[in-house]
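What's in target.cif: mmCIF, C-alpha atoms
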data_upload
#
loop_
_atom_site.label_atom_id
_atom_site.label_comp_id
_atom_site.auth_asym_id
_atom_site.auth_seq_id
_atom_site.Cartn_x
_atom_site.Cartn_y
_atom_site.Cartn_z
CA PRO A 263 6.07 19.60 2.08
CA PHE A 264 8.69 16.86 1.85
CA ARG A 265 9.53 17.05 5.57
CA ASP A 266 5.97 15.97 6.44
CA VAL A 267 6.05 12.79 4.32
CA CYS A 268 6.42 9.92 6.78
CA GLY A 269 8.15 6.63 6.05
CA GLN A 270 9.22 7.14 2.42
CA ASP A 271 12.71 8.50 2.94
CA ARG A 272 14.24 6.94 -0.16
CA ALA A 273 11.61 8.34 -2.54
CA VAL A 274 11.70 11.75 -0.88
CA ARG A 275 15.51 11.87 -0.98
CA LEU A 276 15.55 11.06 -4.71
CA LEU A 277 12.89 13.65 -5.59
CA ARG A 278 14.27 16.35 -3.31
CA SER A 279 17.74 15.94 -4.82
CA ALA A 280 16.41 16.10 -8.39
CA TRP A 281 14.34 19.21 -7.63
CA ALA A 282 17.08 21.05 -5.73
CA GLY A 283 19.60 20.24 -8.45
CA GLY A 284 17.31 21.28 -11.31
CA ARG A 285 17.24 17.71 -12.68
CA LEU A 286 13.55 16.83 -12.44
CA ALA A 287 12.35 14.41 -15.10
CA GLN A 288 9.45 15.37 -17.34
CA ALA A 289 7.31 12.53 -15.98
CA TYR A 290 7.37 10.31 -12.90
CA CYS A 291 5.41 7.20 -12.03
CA PHE A 292 4.89 6.68 -8.30
CA THR A 293 4.22 2.98 -7.79
CA GLY A 294 3.34 0.91 -4.74
CA PRO A 295 0.45 -0.43 -2.68
CA PRO A 296 -2.46 1.81 -1.69
CA GLY A 297 -2.17 4.15 1.27
CA VAL A 298 1.62 4.42 1.55
CA GLY A 299 2.12 8.09 0.69
CA LYS A 300 2.27 8.27 -3.11
CA ARG A 301 -0.24 11.07 -3.57
CA THR A 302 1.05 12.90 -0.47
CA THR A 303 4.53 12.87 -2.00
CA ALA A 304 3.14 14.05 -5.35
CA VAL A 305 1.60 17.05 -3.58
CA ALA A 306 4.91 17.70 -1.77
CA LEU A 307 6.76 17.68 -5.09
CA ALA A 308 4.19 20.06 -6.57
CA GLN A 309 4.69 22.39 -3.61
CA ALA A 310 8.45 22.30 -4.11
CA VAL A 311 8.07 23.20 -7.79
CA LYS A 312 5.64 26.08 -7.19
CA CYS A 313 6.73 27.39 -3.75
CA LEU A 314 7.18 31.16 -3.58
CA SER A 315 9.66 31.00 -0.66
CA PRO A 316 11.53 27.68 -0.89
CA VAL A 317 13.77 26.66 1.98
CA ALA A 318 17.42 26.28 0.99
CA ALA A 319 19.79 23.70 2.41
CA SER A 320 21.52 25.01 5.51
CA ALA A 321 24.72 24.32 7.43
CA ALA A 322 22.52 23.17 10.32
CA GLY A 323 21.46 20.19 8.24
CA GLU A 324 18.11 21.51 7.03
CA ASP A 325 17.23 19.99 3.65
CA PRO A 326 15.88 22.02 0.72
CA ASP A 327 12.09 22.01 0.73
CA ALA A 328 8.95 23.98 0.06
CA CYS A 329 8.07 26.41 2.84
CA GLY A 330 4.60 24.91 3.26
CA THR A 331 3.07 28.23 4.30
CA CYS A 332 3.16 30.60 1.32
CA ARG A 333 0.08 31.25 -0.78
CA ALA A 334 1.14 28.73 -3.46
CA CYS A 335 1.83 25.95 -0.95
CA THR A 336 -1.45 26.61 0.85
CA LEU A 337 -3.46 26.53 -2.39
CA ILE A 338 -1.76 23.32 -3.51
CA ALA A 339 -2.49 21.61 -0.18
CA ALA A 340 -6.14 22.65 -0.54
CA GLY A 341 -6.28 21.41 -4.15
CA ARG A 342 -7.00 24.89 -5.53
CA HIS A 343 -3.81 26.05 -7.23
CA PRO A 344 -4.46 26.84 -10.93
CA ASP A 345 -1.10 25.39 -12.01
CA VAL A 346 -1.46 22.06 -10.15
CA THR A 347 -4.19 19.75 -11.45
CA LEU A 348 -5.33 16.40 -10.11
CA THR A 349 -6.93 14.17 -12.74
CA ALA A 350 -8.97 11.36 -11.17
CA PRO A 351 -11.76 9.07 -12.43
CA GLU A 352 -15.05 10.83 -13.03
CA GLU A 353 -17.16 8.34 -14.98
CA LYS A 354 -17.51 4.64 -14.10
CA THR A 355 -14.30 4.81 -12.03
CA VAL A 356 -12.11 5.42 -15.09
CA ILE A 357 -10.15 8.35 -16.48
CA THR A 358 -11.74 9.14 -19.83
CA ILE A 359 -10.30 10.34 -23.10
CA ASP A 360 -12.16 13.64 -22.66
CA GLN A 361 -10.31 14.24 -19.39
CA ILE A 362 -6.96 13.51 -21.05
CA ARG A 363 -7.81 15.79 -23.98
CA GLY A 364 -8.49 18.50 -21.41
CA VAL A 365 -5.08 17.89 -19.85
CA ALA A 366 -3.38 18.13 -23.25
CA ALA A 367 -5.20 21.34 -24.13
CA ARG A 368 -4.40 23.09 -20.84
CA ALA A 369 -0.82 21.77 -20.64
CA GLY A 370 0.09 23.83 -23.69
CA LEU A 371 -0.99 27.07 -22.00
CA GLY A 372 1.36 29.18 -19.92
CA ALA A 373 1.47 28.94 -16.14
CA TYR A 374 -0.66 31.37 -14.15
CA GLU A 375 2.14 32.00 -11.70
CA GLY A 376 5.87 31.42 -11.95
CA ALA A 377 7.19 28.70 -14.21
CA GLY A 378 5.82 25.24 -14.76
CA LYS A 379 2.58 23.32 -14.33
CA VAL A 380 2.10 20.05 -12.47
CA TRP A 381 -0.34 17.30 -13.46
CA ILE A 382 -1.12 14.46 -11.03
CA LEU A 383 -2.99 11.46 -12.47
CA ASP A 384 -4.31 9.20 -9.71
CA PRO A 385 -4.91 6.33 -10.21
CA ALA A 386 -3.14 6.41 -13.55
CA HIS A 387 -3.86 2.76 -14.35
CA GLU A 388 -7.57 3.62 -14.55
CA MET A 389 -7.10 5.41 -17.87
CA GLN A 390 -9.26 3.84 -20.57
CA GLU A 391 -7.24 2.56 -23.53
CA PRO A 392 -8.17 5.53 -25.78
CA ALA A 393 -7.29 7.87 -22.89
CA ALA A 394 -3.94 6.13 -22.40
CA ASN A 395 -3.13 6.42 -26.09
CA ALA A 396 -4.05 10.12 -26.05
CA PHE A 397 -1.91 10.68 -22.97
CA LEU A 398 1.01 8.94 -24.66
CA LYS A 399 0.96 11.59 -27.38
CA THR A 400 1.29 14.28 -24.70
CA LEU A 401 4.27 12.46 -23.15
CA GLU A 402 5.93 12.07 -26.55
CA GLU A 403 5.85 15.85 -27.08
CA PRO A 404 5.58 17.27 -23.56
CA PRO A 405 4.82 20.99 -23.25
CA THR A 406 7.74 22.99 -21.89
CA GLY A 407 7.57 23.40 -18.14
CA SER A 408 5.03 20.64 -17.52
CA LEU A 409 5.64 17.96 -14.90
CA PHE A 410 3.49 14.81 -15.02
CA ILE A 411 3.17 12.57 -11.95
CA LEU A 412 1.37 9.26 -12.45
CA VAL A 413 0.25 7.59 -9.22
CA THR A 414 -0.59 3.90 -9.46
CA THR A 415 -0.91 0.63 -7.60
CA GLY A 416 -0.73 -1.23 -10.93
CA PHE A 417 2.44 -0.22 -12.76
CA SER A 418 2.23 -3.22 -15.13
CA ALA A 419 -1.31 -2.16 -16.14
CA LEU A 420 0.05 0.99 -17.80
CA LEU A 421 0.99 0.90 -21.47
CA PRO A 422 4.65 -0.15 -21.87
CA THR A 423 5.21 2.98 -23.97
CA ILE A 424 3.94 5.15 -21.10
CA ARG A 425 6.08 3.30 -18.56
CA SER A 426 9.17 3.80 -20.72
CA ARG A 427 8.67 7.57 -20.71
CA CYS A 428 8.31 7.88 -16.94
CA GLN A 429 10.89 7.59 -14.21
CA GLU A 430 9.55 5.02 -11.77
CA VAL A 431 9.72 5.85 -8.06
CA ARG A 432 8.79 2.97 -5.80
CA PHE A 433 6.89 3.32 -2.54
CA PRO A 434 7.07 0.23 -0.31
CA PRO A 435 4.57 -0.57 2.48
CA LEU A 436 5.03 1.67 5.51
CA ALA A 437 7.10 0.30 8.39
CA PRO A 438 5.07 -0.26 11.58
CA GLU A 439 6.72 2.63 13.42
CA HIS A 440 5.95 5.06 10.59
CA LEU A 441 2.37 3.87 10.26
CA ARG A 442 1.90 4.22 14.01
CA THR A 443 3.24 7.79 13.84
CA ILE A 444 0.79 8.69 11.07
CA LEU A 445 -2.19 7.25 12.97
CA GLU A 446 -1.27 9.00 16.20
CA ARG A 447 -0.82 12.29 14.31
CA LEU A 448 -4.40 11.85 13.10
CA GLY A 449 -5.76 11.36 16.60
CA ARG A 450 -5.79 7.59 17.09
CA SER A 451 -4.98 6.38 20.59
CA ALA A 452 -1.73 4.45 21.01
CA GLU A 453 -3.71 1.23 21.64
CA ASP A 454 -5.93 1.62 18.57
CA ALA A 455 -2.95 2.60 16.43
CA ALA A 456 -1.03 -0.50 17.50
CA ALA A 457 -4.02 -2.73 16.73
CA ALA A 458 -4.52 -1.17 13.31
CA VAL A 459 -0.83 -1.39 12.45
CA ALA A 460 -0.89 -5.13 13.14
CA VAL A 461 -3.50 -5.77 10.46
CA ALA A 462 -3.07 -2.93 7.93
CA GLY A 463 -0.23 -4.44 5.91
CA GLY A 464 1.74 -1.19 5.88
CA SER A 465 -1.14 0.87 4.42
CA ALA A 466 -2.31 4.03 6.17
CA GLU A 467 -5.44 3.95 4.01
CA ARG A 468 -6.41 0.53 5.34
CA ALA A 469 -5.49 1.42 8.89
CA LEU A 470 -7.64 4.56 8.87
CA ALA A 471 -10.61 2.75 7.34
CA MET A 472 -10.81 0.01 9.94
CA ASN A 473 -12.31 -0.22 13.40
CA ALA A 474 -9.40 -1.68 15.35
CA SER A 475 -11.45 -3.54 17.97
CA GLU A 476 -13.75 -5.09 15.36
CA VAL A 477 -10.79 -6.18 13.24
CA ARG A 478 -9.05 -7.76 16.24
CA ALA A 479 -12.20 -9.70 17.14
CA ALA A 480 -12.78 -10.87 13.55
CA ARG A 481 -9.19 -12.06 13.17
CA ALA A 482 -9.31 -13.89 16.50
CA ARG A 483 -12.50 -15.69 15.40
CA LEU A 484 -10.97 -16.66 12.07
CA VAL A 485 -7.85 -18.10 13.72
CA GLU A 486 -9.87 -20.15 16.21
CA GLU A 487 -12.20 -21.46 13.47
CA VAL A 488 -9.28 -22.52 11.26
CA TRP A 489 -7.42 -24.29 14.06
CA SER A 490 -10.61 -26.00 15.26
CA ALA A 491 -11.33 -27.24 11.73
CA LEU A 492 -8.05 -29.17 11.72
CA ASP A 493 -9.62 -31.84 13.96
CA SER A 494 -11.95 -33.07 11.21
CA LEU A 495 -11.28 -33.60 7.52
CA PRO A 496 -14.82 -32.56 6.43
CA ALA A 497 -14.57 -29.44 8.63
CA LEU A 498 -11.13 -28.72 7.17
CA LEU A 499 -12.41 -28.88 3.59
CA ASP A 500 -15.38 -26.68 4.49
CA ARG A 501 -13.09 -24.12 6.10
CA ALA A 502 -10.76 -24.20 3.06
CA GLU A 503 -13.73 -23.41 0.83
CA ARG A 504 -14.68 -20.46 3.04
CA ILE A 505 -11.26 -18.82 3.32
CA GLY A 506 -10.34 -19.74 -0.27
CA LYS A 507 -13.49 -18.35 -1.87
CA ASP A 508 -11.40 -15.72 -3.63
CA ARG A 509 -7.92 -14.26 -3.62
CA ASP A 510 -8.71 -11.31 -1.33
CA ALA A 511 -10.35 -13.56 1.27
CA LEU A 512 -7.35 -15.88 1.39
CA GLU A 513 -4.85 -13.01 1.54
CA ASP A 514 -6.72 -11.55 4.54
CA ALA A 515 -6.90 -14.96 6.22
CA LEU A 516 -3.19 -15.56 5.68
CA GLU A 517 -2.31 -12.22 7.25
CA ALA A 518 -4.26 -13.17 10.39
CA LEU A 519 -2.94 -16.74 10.53
CA LEU A 520 0.68 -15.75 9.99
CA ALA A 521 0.53 -13.04 12.66
CA PHE A 522 -0.96 -15.51 15.12
CA THR A 523 1.56 -18.26 14.34
CA ARG A 524 4.45 -15.82 14.67
CA ASP A 525 3.21 -14.85 18.12
CA ALA A 526 2.68 -18.50 19.05
CA SER A 527 6.24 -19.28 17.99
CA VAL A 528 7.59 -16.35 20.02
CA ALA A 529 5.68 -17.61 23.07
CA GLY A 530 7.04 -21.11 22.39
CA ILE A 531 10.63 -19.93 22.74
CA GLY A 532 10.18 -19.76 26.51
CA PRO A 533 9.95 -17.03 29.16
CA SER A 534 12.11 -14.59 27.18
CA GLY A 535 9.81 -14.86 24.18
CA ALA A 536 6.56 -14.87 26.16
CA ALA A 537 7.64 -11.62 27.84
CA LEU A 538 7.38 -9.92 24.43
CA LEU A 539 3.62 -10.60 24.27
CA SER A 540 0.78 -9.18 26.34
CA ALA A 541 -0.86 -11.44 28.90
CA GLU A 542 -4.04 -11.41 26.81
CA ARG A 543 -2.17 -12.53 23.70
CA ARG A 544 -0.34 -15.29 25.60
CA ALA A 545 -3.66 -16.61 26.89
CA GLU A 546 -5.15 -16.53 23.39
CA VAL A 547 -2.18 -18.42 21.96
CA ALA A 548 -2.31 -21.08 24.68
CA ARG A 549 -6.07 -21.57 24.26
CA VAL A 550 -5.77 -22.19 20.51
CA THR A 551 -2.48 -24.07 20.17
CA GLY A 552 -2.58 -26.08 23.39
CA ASP A 553 0.74 -27.74 24.06
CA ALA A 554 2.03 -27.71 20.48
CA PRO A 555 5.86 -27.54 20.65
CA LEU A 556 7.89 -24.86 18.92
CA ALA A 557 9.08 -27.25 16.17
CA VAL A 558 5.47 -27.98 15.22
CA LEU A 559 4.53 -24.29 15.24
CA LEU A 560 7.40 -23.57 12.88
CA GLN A 561 6.09 -26.26 10.50
CA VAL A 562 2.64 -24.64 10.65
CA HIS A 563 4.19 -21.26 9.91
CA ALA A 564 6.08 -22.75 6.93
CA ALA A 565 2.82 -24.18 5.53
CA GLN A 566 1.20 -20.75 5.76
CA ARG A 567 4.16 -19.01 4.13
CA GLU A 568 4.09 -21.60 1.34
CA ALA A 569 0.40 -20.83 0.76
CA GLN A 570 1.23 -17.14 0.52
CA GLN A 571 3.90 -17.86 -2.07
CA THR A 572 1.63 -20.24 -3.99
CA LEU A 573 -1.02 -17.55 -4.14
CA ALA A 574 1.56 -15.08 -5.47
CA TRP A 575 2.21 -17.57 -8.26
CA HIS A 576 -1.48 -17.25 -9.22
CA ALA A 577 -2.61 -20.62 -7.88
CA GLN A 578 -6.32 -21.13 -7.31
CA PRO A 579 -7.13 -19.79 -3.80
CA ARG A 580 -9.20 -22.88 -2.91
CA TYR A 581 -6.30 -25.18 -3.84
CA ALA A 582 -3.79 -23.09 -1.85
CA ALA A 583 -6.11 -23.07 1.20
CA GLU A 584 -6.71 -26.83 1.13
CA ARG A 585 -3.02 -27.62 0.74
CA MET A 586 -2.11 -25.30 3.62
CA LEU A 587 -4.72 -26.71 6.03
CA LEU A 588 -3.78 -30.30 5.20
CA LYS A 589 -0.11 -29.51 5.94
CA MET A 590 -1.09 -27.79 9.20
CA ARG A 591 -3.18 -30.84 10.18
CA GLN A 592 -0.27 -33.15 9.34
CA ALA A 593 2.21 -31.04 11.34
CA LEU A 594 -0.07 -31.14 14.40
CA GLY A 595 -0.55 -34.88 14.10
CA ARG A 596 -4.33 -34.64 13.99
CA LYS A 597 -6.09 -37.91 13.09
#

Translate the structure of the given file into structure tokens.
Amino acid sequence: PFRDVCGQDRAVRLLRSAWAGGRLAQAYCFTGPPGVGKRTTAVALAQAVKCLSPVAASAAGEDPDACGTCRACTLIAAGRHPDVTLTAPEEKTVITIDQIRGVAARAGLGAYEGAGKVWILDPAHEMQEPAANAFLKTLEEPPTGSLFILVTTGFSALLPTIRSRCQEVRFPPLAPEHLRTILERLGRSAEDAAAAVAVAGGSAERALAMNASEVRAARARLVEEVWSALDSLPALLDRAERIGKDRDALEDALEALLAFTRDASVAGIGPSGAALLSAERRAEVARVTGDAPLAVLLQVHAAQREAQQTLAWHAQPRYAAERMLLKMRQALGRK
């Protein structure tokens, strides 16, 4: 239920208020990066709609919610409630027109239990064009009592006519403390959770998929290789080609480099800053950066942030990587 959704308070508050007040839209589009709670919240909304014993708001401050324990809530959580349907890619990782025709045919039928049926399409942007056009017809004349929830990481990839008929609910990356809570709930040790949080970019999906110790080691190697390459122009260009081979590779490299440079800058503040880092991290920073002063580290950080922005503007990854490394080399005064 809503109370178990971690780190998406704004989205939950909006949906809970609309449900409790009887103002739910016919269709919602949950947008945001992968692994931040979009589908979990879609299930929570479905439970609220179909719950047999909903919890009312109380004077003690308890918010309205699904009970989470009745037969309907249990079936929804297990993916087996006849009135709550998840439509996901079946063929070649796309949602086909046949699947959407099935949705349209069943949406016109009455609910098995209570009022209303819920349809969750995830990921909605994987609808083939004919499927999207067929789904648009359903949205234009929605069956009474149907609630459609589109879950997507690519809102702009949906047809504009579909977007215009859905209320968008945005899901930002999870804050570190919320991501750490989720990982520890799922049995990760505090140390592994902290390591995963540092590299997961606010995504529980990414954090759960990674081996924390392997990721830490790989990022440490990448940082050392990049900084070592700054001593030689040929090595620099070779390293730029490696980390700029494609957009995903450069985004991952920038995450590691920025995290390292932030820590190096914190250590460069003096004893008060160094106290915020573990002894192991301080030693790693000192080994890589040597005696680089704080002003230089801030210039390095600015070059990395600029590369991140340039990449967001759809620059070629190789160009962004070369420009960044040349600026880092210049800041450090390497000959």

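Using only C-alpha atoms, the smallest distance between any of A:Gly330, A:Gly299, A:Gly283, A:Gly376 and A:Ser465 comes from A:Gly299.
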
Top pick for closest residue to A:Leu499, considering A:Glu446, A:Glu391, A:Glu352, A:Glu584 and counting only C-alpha atoms: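 Selected residue with least distance to A:Leu499: A:Glu584.
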
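Closest approach to A:Val488 from the set A:Val562, A:Leu587, A:Ala318, A:Leu277 is made by A:Leu587, with distances taken over all atoms listed in the file.
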
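The space between atom CA of A:Gly269 and atom CA of A:Thr347 spans 25.1 Å.
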
Near stretch 410-425 of chain A, 7 Å: stretch 348-390 of chain A residue rows, closest pairs, all atoms listed in the file, as CSV:
residue,atom,partner,partner_atom,distance
A:Val380,CA,A:Phe410,CA,6.0
A:Trp381,CA,A:Phe410,CA,4.8
A:Ile382,CA,A:Ile411,CA,4.8
A:Leu383,CA,A:Leu412,CA,4.9
A:Asp384,CA,A:Val413,CA,4.9
A:Pro385,CA,A:Thr414,CA,5.0
A:Ala386,CA,A:Thr414,CA,5.4
A:His387,CA,A:Leu420,CA,5.5

So which one's closest to A:Asp553, A:Ser540, A:Pro316, A:Ala526, A:Ala334? Using only C-alpha atoms, please. A:Ala526

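Between A:Glu513 and the residues A:Gln570, A:Thr303, A:Ser534, A:Ser494, the shortest atom-to-atom distance, using all atoms listed in the file, involves A:Gln570.
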
Tell me, as JSON, numbers by chain, which residues lie within 12 Å of A:Ala593, counting all atoms listed in the file; anything in the same chain fewer than 4 positions away does not count. {"A": [492, 554, 555, 556, 557, 558, 559, 560, 561, 562, 563, 564, 565, 566, 586, 587, 588, 589, 597]}

Would you write out those residues with C-alpha atoms, as a compact mmCIF listing (two decimals), in the frame of the given file?
# COMPACT_ATOMS: atom_id res chain seq x y z
CA LEU A 492 -8.05 -29.17 11.72
CA ALA A 554 2.03 -27.71 20.48
CA PRO A 555 5.86 -27.54 20.65
CA LEU A 556 7.89 -24.86 18.92
CA ALA A 557 9.08 -27.25 16.17
CA VAL A 558 5.47 -27.98 15.22
CA LEU A 559 4.53 -24.29 15.24
CA LEU A 560 7.40 -23.57 12.88
CA GLN A 561 6.09 -26.26 10.50
CA VAL A 562 2.64 -24.64 10.65
CA HIS A 563 4.19 -21.26 9.91
CA ALA A 564 6.08 -22.75 6.93
CA ALA A 565 2.82 -24.18 5.53
CA GLN A 566 1.20 -20.75 5.76
CA MET A 586 -2.11 -25.30 3.62
CA LEU A 587 -4.72 -26.71 6.03
CA LEU A 588 -3.78 -30.30 5.20
CA LYS A 589 -0.11 -29.51 5.94
CA LYS A 597 -6.09 -37.91 13.09

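What separates atom CA of A:Cys291 from atom CA of A:Ala306 is a distance of 14.7 Å.
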
Have a look at A:Val528, A:Ala339, A:Cys428, A:Cys329 and name the one nearest to A:Ala289; count all atoms listed in the file.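 Of A:Val528, A:Ala339, A:Cys428, A:Cys329, the one nearest A:Ala289, counting all atoms listed in the file, is A:Cys428.
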
In file coordinates, which residues lie within 9 Å of (-2.9, 2.7, 16.2) using all atoms listed in the file, given as number ranges by chain? A: 441-446, 450-460, 469-470, 474

Evaluating the PyMOL selection byres ((chain A and resi 433) around 9) on the displayed file yields which residues, as a ChimeraX atom specification? /A:270,272-273,292-295,298-300,431-432,434-436

Computed interatomic separation between atom CA of A:Ala569 and atom CA of A:Arg585 (Å):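 Rounded to one decimal, the two atoms are 7.6 Å apart.
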
Saving stretch 270-345 of chain A with C-alpha atoms, as a PDB file, in the first residue's frame, what would that file be?
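Heads up, here's the output in decode-v4.pdb:
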ATOM      1  CA  GLN A 270       8.255   9.241  -3.410  1.00  0.00           C
ATOM      2  CA  ASP A 271       6.249  11.311  -0.953  1.00  0.00           C
ATOM      3  CA  ARG A 272       5.103  13.935  -3.444  1.00  0.00           C
ATOM      4  CA  ALA A 273       3.699  11.405  -5.926  1.00  0.00           C
ATOM      5  CA  VAL A 274       2.072   9.364  -3.163  1.00  0.00           C
ATOM      6  CA  ARG A 275       0.524  12.463  -1.571  1.00  0.00           C
ATOM      7  CA  LEU A 276      -0.987  13.557  -4.907  1.00  0.00           C
ATOM      8  CA  LEU A 277      -2.420  10.110  -5.704  1.00  0.00           C
ATOM      9  CA  ARG A 278      -3.647   9.423  -2.177  1.00  0.00           C
ATOM     10  CA  SER A 279      -5.467  12.761  -2.099  1.00  0.00           C
ATOM     11  CA  ALA A 280      -7.102  12.174  -5.488  1.00  0.00           C
ATOM     12  CA  TRP A 281      -8.216   8.660  -4.502  1.00  0.00           C
ATOM     13  CA  ALA A 282      -9.522   9.616  -1.054  1.00  0.00           C
ATOM     14  CA  GLY A 283     -11.378  12.590  -2.512  1.00  0.00           C
ATOM     15  CA  GLY A 284     -12.918  10.612  -5.381  1.00  0.00           C
ATOM     16  CA  ARG A 285     -11.017  12.706  -7.952  1.00  0.00           C
ATOM     17  CA  LEU A 286      -8.869  10.096  -9.690  1.00  0.00           C
ATOM     18  CA  ALA A 287      -8.132  10.847 -13.326  1.00  0.00           C
ATOM     19  CA  GLN A 288      -9.041   8.305 -15.993  1.00  0.00           C
ATOM     20  CA  ALA A 289      -5.384   7.841 -16.952  1.00  0.00           C
ATOM     21  CA  TYR A 290      -2.029   8.570 -15.327  1.00  0.00           C
ATOM     22  CA  CYS A 291       1.483   8.474 -16.711  1.00  0.00           C
ATOM     23  CA  PHE A 292       4.154   7.705 -14.120  1.00  0.00           C
ATOM     24  CA  THR A 293       7.434   9.062 -15.488  1.00  0.00           C
ATOM     25  CA  GLY A 294      11.002   8.932 -14.226  1.00  0.00           C
ATOM     26  CA  PRO A 295      14.222   6.922 -14.336  1.00  0.00           C
ATOM     27  CA  PRO A 296      14.189   3.150 -13.862  1.00  0.00           C
ATOM     28  CA  GLY A 297      14.017   1.635 -10.403  1.00  0.00           C
ATOM     29  CA  VAL A 298      12.581   4.576  -8.455  1.00  0.00           C
ATOM     30  CA  GLY A 299       9.190   3.158  -7.449  1.00  0.00           C
ATOM     31  CA  LYS A 300       6.871   3.824 -10.393  1.00  0.00           C
ATOM     32  CA  ARG A 301       5.459   0.315 -10.699  1.00  0.00           C
ATOM     33  CA  THR A 302       5.373  -0.114  -6.910  1.00  0.00           C
ATOM     34  CA  THR A 303       3.251   3.023  -6.676  1.00  0.00           C
ATOM     35  CA  ALA A 304       1.011   1.802  -9.511  1.00  0.00           C
ATOM     36  CA  VAL A 305       0.353  -1.373  -7.519  1.00  0.00           C
ATOM     37  CA  ALA A 306      -0.327   0.705  -4.381  1.00  0.00           C
ATOM     38  CA  LEU A 307      -2.865   2.793  -6.289  1.00  0.00           C
ATOM     39  CA  ALA A 308      -4.515  -0.361  -7.624  1.00  0.00           C
ATOM     40  CA  GLN A 309      -4.758  -1.699  -4.070  1.00  0.00           C
ATOM     41  CA  ALA A 310      -6.358   1.543  -2.909  1.00  0.00           C
ATOM     42  CA  VAL A 311      -8.952   1.364  -5.693  1.00  0.00           C
ATOM     43  CA  LYS A 312      -9.853  -2.301  -5.073  1.00  0.00           C
ATOM     44  CA  CYS A 313      -9.286  -2.676  -1.297  1.00  0.00           C
ATOM     45  CA  LEU A 314     -12.146  -4.355   0.554  1.00  0.00           C
ATOM     46  CA  SER A 315     -11.298  -2.710   3.909  1.00  0.00           C
ATOM     47  CA  PRO A 316      -9.664   0.658   3.185  1.00  0.00           C
ATOM     48  CA  VAL A 317      -8.118   2.577   6.045  1.00  0.00           C
ATOM     49  CA  ALA A 318      -9.742   5.962   6.645  1.00  0.00           C
ATOM     50  CA  ALA A 319      -7.902   9.072   7.760  1.00  0.00           C
ATOM     51  CA  SER A 320      -7.766   9.284  11.547  1.00  0.00           C
ATOM     52  CA  ALA A 321      -7.348  11.973  14.181  1.00  0.00           C
ATOM     53  CA  ALA A 322      -4.067  10.290  15.119  1.00  0.00           C
ATOM     54  CA  GLY A 323      -2.641  11.374  11.780  1.00  0.00           C
ATOM     55  CA  GLU A 324      -3.063   8.095   9.906  1.00  0.00           C
ATOM     56  CA  ASP A 325      -3.510   8.748   6.181  1.00  0.00           C
ATOM     57  CA  PRO A 326      -6.164   7.029   4.051  1.00  0.00           C
ATOM     58  CA  ASP A 327      -4.758   3.898   2.446  1.00  0.00           C
ATOM     59  CA  ALA A 328      -5.437   0.352   1.360  1.00  0.00           C
ATOM     60  CA  CYS A 329      -5.354  -2.143   4.213  1.00  0.00           C
ATOM     61  CA  GLY A 330      -2.725  -4.271   2.465  1.00  0.00           C
ATOM     62  CA  THR A 331      -4.030  -7.492   4.000  1.00  0.00           C
ATOM     63  CA  CYS A 332      -7.496  -8.195   2.580  1.00  0.00           C
ATOM     64  CA  ARG A 333      -8.030 -10.743  -0.169  1.00  0.00           C
ATOM     65  CA  ALA A 334      -8.057  -8.067  -2.908  1.00  0.00           C
ATOM     66  CA  CYS A 335      -4.842  -6.415  -1.698  1.00  0.00           C
ATOM     67  CA  THR A 336      -3.109  -9.781  -1.381  1.00  0.00           C
ATOM     68  CA  LEU A 337      -4.131 -10.854  -4.883  1.00  0.00           C
ATOM     69  CA  ILE A 338      -3.010  -7.538  -6.361  1.00  0.00           C
ATOM     70  CA  ALA A 339       0.394  -7.783  -4.665  1.00  0.00           C
ATOM     71  CA  ALA A 340       0.760 -11.292  -6.096  1.00  0.00           C
ATOM     72  CA  GLY A 341      -0.297 -10.144  -9.577  1.00  0.00           C
ATOM     73  CA  ARG A 342      -3.378 -12.379  -9.604  1.00  0.00           C
ATOM     74  CA  HIS A 343      -6.374 -10.079  -9.148  1.00  0.00           C
ATOM     75  CA  PRO A 344      -8.792 -10.430 -12.103  1.00  0.00           C
ATOM     76  CA  ASP A 345      -9.572  -6.693 -12.134  1.00  0.00           C
TER      77      ASP A 345
END
